[in-house]
Structure formats: C-alpha cells, structure tokens
file my_file.cif (mmCIF, C-alpha atoms)
data_target
#
loop_
_atom_site.label_atom_id
_atom_site.label_comp_id
_atom_site.auth_asym_id
_atom_site.auth_seq_id
_atom_site.Cartn_x
_atom_site.Cartn_y
_atom_site.Cartn_z
CA MET A 1187 -13.35 9.91 3.98
CA ALA A 1188 -9.68 9.26 3.21
CA ALA A 1189 -10.47 5.72 2.14
CA GLU A 1190 -13.07 6.94 -0.35
CA ARG A 1191 -10.68 9.48 -1.84
CA LEU A 1192 -7.89 6.95 -2.15
CA GLU A 1193 -10.23 4.46 -3.80
CA LYS A 1194 -11.28 7.12 -6.34
CA ALA A 1195 -7.63 7.94 -6.97
CA ARG A 1196 -6.84 4.25 -7.50
CA GLU A 1197 -9.72 3.96 -9.98
CA ARG A 1198 -8.44 6.96 -11.93
CA ALA A 1199 -4.76 5.98 -11.84
CA PRO A 1200 -4.52 2.20 -11.38
CA ALA A 1201 -0.85 2.15 -12.35
CA ASN A 1202 0.23 4.71 -9.74
CA ASP A 1203 2.41 2.93 -7.18
CA ARG A 1204 2.21 5.82 -4.71
CA ILE A 1205 -1.53 5.38 -4.37
CA TYR A 1206 -1.04 1.72 -3.46
CA TYR A 1207 1.54 2.80 -0.90
CA LEU A 1208 -0.94 5.19 0.72
CA VAL A 1209 -3.77 2.65 0.68
CA GLY A 1210 -1.41 0.20 2.34
CA VAL A 1211 -0.63 2.70 5.08
CA LEU A 1212 -4.35 3.27 5.61
CA GLU A 1213 -5.11 -0.45 5.79
CA SER A 1214 -2.21 -1.08 8.15
CA ASN A 1215 -3.43 1.67 10.46
CA ARG A 1216 -6.86 0.07 10.42
CA GLY A 1217 -5.32 -3.23 11.52
CA LYS A 1218 -5.92 -4.90 8.15
CA SER A 1219 -2.51 -6.42 7.66
CA ALA A 1220 -3.37 -8.75 4.77
CA GLU A 1221 -4.89 -5.89 2.78
CA ALA A 1222 -1.90 -3.64 3.52
CA ILE A 1223 0.51 -6.33 2.36
CA ALA A 1224 -1.45 -6.83 -0.86
CA ASP A 1225 -1.46 -3.10 -1.59
CA TRP A 1226 2.25 -2.69 -0.89
CA ARG A 1227 3.05 -5.72 -3.02
CA LYS A 1228 1.09 -4.18 -5.89
CA GLY A 1229 2.90 -0.87 -5.40
CA VAL A 1230 6.30 -2.60 -5.48
CA GLU A 1231 5.24 -4.62 -8.51
CA LEU A 1232 4.34 -1.41 -10.33
CA ASN A 1233 7.54 0.34 -9.26
CA PRO A 1234 10.31 -1.78 -7.73
CA ARG A 1235 12.18 1.44 -6.88
CA ASN A 1236 9.43 2.58 -4.49
CA LEU A 1237 11.55 2.14 -1.39
CA ARG A 1238 8.88 3.30 1.02
CA ALA A 1239 6.46 0.63 -0.15
CA THR A 1240 9.24 -1.97 -0.12
CA TYR A 1241 10.19 -1.07 3.44
CA GLN A 1242 6.59 -1.03 4.69
CA LEU A 1243 5.94 -4.37 2.99
CA ALA A 1244 8.96 -5.94 4.67
CA GLU A 1245 7.98 -4.51 8.06
CA GLU A 1246 4.40 -5.76 7.81
CA ILE A 1247 5.48 -9.23 6.67
CA GLU A 1248 7.97 -9.40 9.52
CA ARG A 1249 5.24 -8.41 12.00
CA GLN A 1250 3.12 -11.24 10.68
CA GLY A 1251 5.96 -13.72 11.02
CA ASP A 1252 5.77 -14.70 7.32
CA ALA A 1253 8.76 -15.53 5.17
#

call {"tool": "encode", "arguments": {"input": "my_file.cif", "output": "structure tokens"}}
result
Amino acid sequence: MAAERLEKARERAPANDRIYYLVGVLESNRGKSAEAIADWRKGVELNPRNLRATYQLAEEIERQGDA
C-alpha cells in the first residue's frame, strides 16, 4: 500500500527529493539495499542539501562495505 502511494507520488513529482528519500527508506526496510542506495542517490542529486538522504545513503553504503 505505501509502496503504491509512493510510486504514484514519484510519478506526479519526479523532481521531489523527499519522495526519493521515503522510497529509499521503504526499500531499505524491505532489505533491498541496492534499490535504497539508488533512490537516496537520486534524492541527493536532486537536492544536495537533503541531509537525511545523504546520511541514509552513507549508512547504507557503509553497511554494504562499498567505497
């Protein structure tokens, strides 16, 4: 249910960095690390001042052991 709503929100506002942040949180909670990282990267790309997305991205990358 939440995933469907977030996907609709992303379709309607593809340049909204906060939506990518929330989708990343959802994907991370589902255990889909690669998808979460991609969503957080997109969110940070859209708004480099989105500190929550930046922090979550760094945490997830560190968990994966990537550079």

call {"tool": "resolve_selection", "arguments": {"input": "my_file.cif", "expression": "the PyMOL selection byres ((chain A and resi 1229) around 6)", "output": "ChimeraX atom specification"}}
result
/A:1203,1206-1207,1226-1228,1230-1232

call {"tool": "closest_residue", "arguments": {"input": "my_file.cif", "among": "A:Asn1236, A:Ala1201, A:Met1187, A:Glu1246", "to": "A:Gly1217", "atoms": "only C-alpha atoms"}}
result
A:Glu1246

call {"tool": "closest_atom_pairs", "arguments": {"input": "my_file.cif", "of": "stretch 1198-1229 of chain A", "to": "stretch 1247-1250 of chain A", "cutoff": "12 Å", "atoms": "all atoms listed in the file", "output": "Markdown table"}}
result
| residue | atom | partner | partner_atom | distance |
| --- | --- | --- | --- | --- |
| A:Ser1214 | CA | A:Arg1249 | CA | 11.1 |
| A:Gly1217 | CA | A:Gln1250 | CA | 11.7 |
| A:Lys1218 | CA | A:Gln1250 | CA | 11.3 |
| A:Ser1219 | CA | A:Gln1250 | CA | 8.0 |
| A:Ala1220 | CA | A:Ile1247 | CA | 9.1 |
| A:Glu1221 | CA | A:Ile1247 | CA | 11.6 |
| A:Ala1222 | CA | A:Ile1247 | CA | 9.8 |
| A:Ile1223 | CA | A:Ile1247 | CA | 7.2 |
| A:Ala1224 | CA | A:Ile1247 | CA | 10.5 |
| A:Trp1226 | CA | A:Ile1247 | CA | 10.5 |
| A:Arg1227 | CA | A:Ile1247 | CA | 10.6 |

call {"tool": "atom_distance", "arguments": {"input": "my_file.cif", "atom1": "atom CA of A:Leu1208", "atom2": "atom CA of A:Gln1242"}}
result
10.5 Å

call {"tool": "atom_distance", "arguments": {"input": "my_file.cif", "atom1": "atom CA of A:Gly1251", "atom2": "atom CA of A:Ala1189"}}
result
27.0 Å

call {"tool": "decode", "arguments": {"input": "my_file.cif", "residues": "stretch 1196-1243 of chain A", "atoms": "C-alpha atoms", "output": "PDB file, in the first residue's frame"}}
result
ATOM      1  CA  ARG A1196       7.091   9.882  -7.626  1.00  0.00           C
ATOM      2  CA  GLU A1197       5.238   9.797 -10.957  1.00  0.00           C
ATOM      3  CA  ARG A1198       3.483  13.068 -10.141  1.00  0.00           C
ATOM      4  CA  ALA A1199       6.544  14.840  -8.734  1.00  0.00           C
ATOM      5  CA  PRO A1200       9.669  13.237 -10.212  1.00  0.00           C
ATOM      6  CA  ALA A1201      11.885  16.107  -9.071  1.00  0.00           C
ATOM      7  CA  ASN A1202      10.881  15.876  -5.397  1.00  0.00           C
ATOM      8  CA  ASP A1203      13.914  14.710  -3.429  1.00  0.00           C
ATOM      9  CA  ARG A1204      11.837  13.934  -0.329  1.00  0.00           C
ATOM     10  CA  ILE A1205       9.889  11.282  -2.193  1.00  0.00           C
ATOM     11  CA  TYR A1206      13.129   9.557  -3.178  1.00  0.00           C
ATOM     12  CA  TYR A1207      14.197   9.700   0.459  1.00  0.00           C
ATOM     13  CA  LEU A1208      10.995   7.971   1.560  1.00  0.00           C
ATOM     14  CA  VAL A1209      11.198   5.350  -1.186  1.00  0.00           C
ATOM     15  CA  GLY A1210      14.759   4.667  -0.086  1.00  0.00           C
ATOM     16  CA  VAL A1211      13.618   4.143   3.489  1.00  0.00           C
ATOM     17  CA  LEU A1212      10.932   1.749   2.287  1.00  0.00           C
ATOM     18  CA  GLU A1213      13.354  -0.229   0.131  1.00  0.00           C
ATOM     19  CA  SER A1214      15.920  -0.397   2.920  1.00  0.00           C
ATOM     20  CA  ASN A1215      13.302  -1.724   5.326  1.00  0.00           C
ATOM     21  CA  ARG A1216      12.401  -4.360   2.748  1.00  0.00           C
ATOM     22  CA  GLY A1217      16.042  -5.446   2.613  1.00  0.00           C
ATOM     23  CA  LYS A1218      16.565  -4.056  -0.891  1.00  0.00           C
ATOM     24  CA  SER A1219      19.811  -2.239  -0.293  1.00  0.00           C
ATOM     25  CA  ALA A1220      20.743  -1.594  -3.931  1.00  0.00           C
ATOM     26  CA  GLU A1221      17.356  -0.022  -4.630  1.00  0.00           C
ATOM     27  CA  ALA A1222      17.553   2.095  -1.469  1.00  0.00           C
ATOM     28  CA  ILE A1223      21.008   3.347  -2.430  1.00  0.00           C
ATOM     29  CA  ALA A1224      19.796   4.256  -5.925  1.00  0.00           C
ATOM     30  CA  ASP A1225      16.817   6.169  -4.533  1.00  0.00           C
ATOM     31  CA  TRP A1226      18.893   8.057  -1.969  1.00  0.00           C
ATOM     32  CA  ARG A1227      21.491   8.902  -4.603  1.00  0.00           C
ATOM     33  CA  LYS A1228      18.744  10.330  -6.806  1.00  0.00           C
ATOM     34  CA  GLY A1229      17.367  12.319  -3.873  1.00  0.00           C
ATOM     35  CA  VAL A1230      20.808  13.759  -3.095  1.00  0.00           C
ATOM     36  CA  GLU A1231      21.361  14.506  -6.780  1.00  0.00           C
ATOM     37  CA  LEU A1232      18.099  16.459  -6.868  1.00  0.00           C
ATOM     38  CA  ASN A1233      18.864  18.276  -3.620  1.00  0.00           C
ATOM     39  CA  PRO A1234      22.410  18.063  -2.232  1.00  0.00           C
ATOM     40  CA  ARG A1235      21.184  19.794   0.935  1.00  0.00           C
ATOM     41  CA  ASN A1236      18.868  16.887   1.802  1.00  0.00           C
ATOM     42  CA  LEU A1237      20.889  15.808   4.810  1.00  0.00           C
ATOM     43  CA  ARG A1238      18.604  12.939   5.748  1.00  0.00           C
ATOM     44  CA  ALA A1239      19.030  11.306   2.344  1.00  0.00           C
ATOM     45  CA  THR A1240      22.773  11.976   2.443  1.00  0.00           C
ATOM     46  CA  TYR A1241      23.089  10.370   5.865  1.00  0.00           C
ATOM     47  CA  GLN A1242      20.963   7.343   4.949  1.00  0.00           C
ATOM     48  CA  LEU A1243      22.941   6.902   1.735  1.00  0.00           C
TER      49      LEU A1243
END
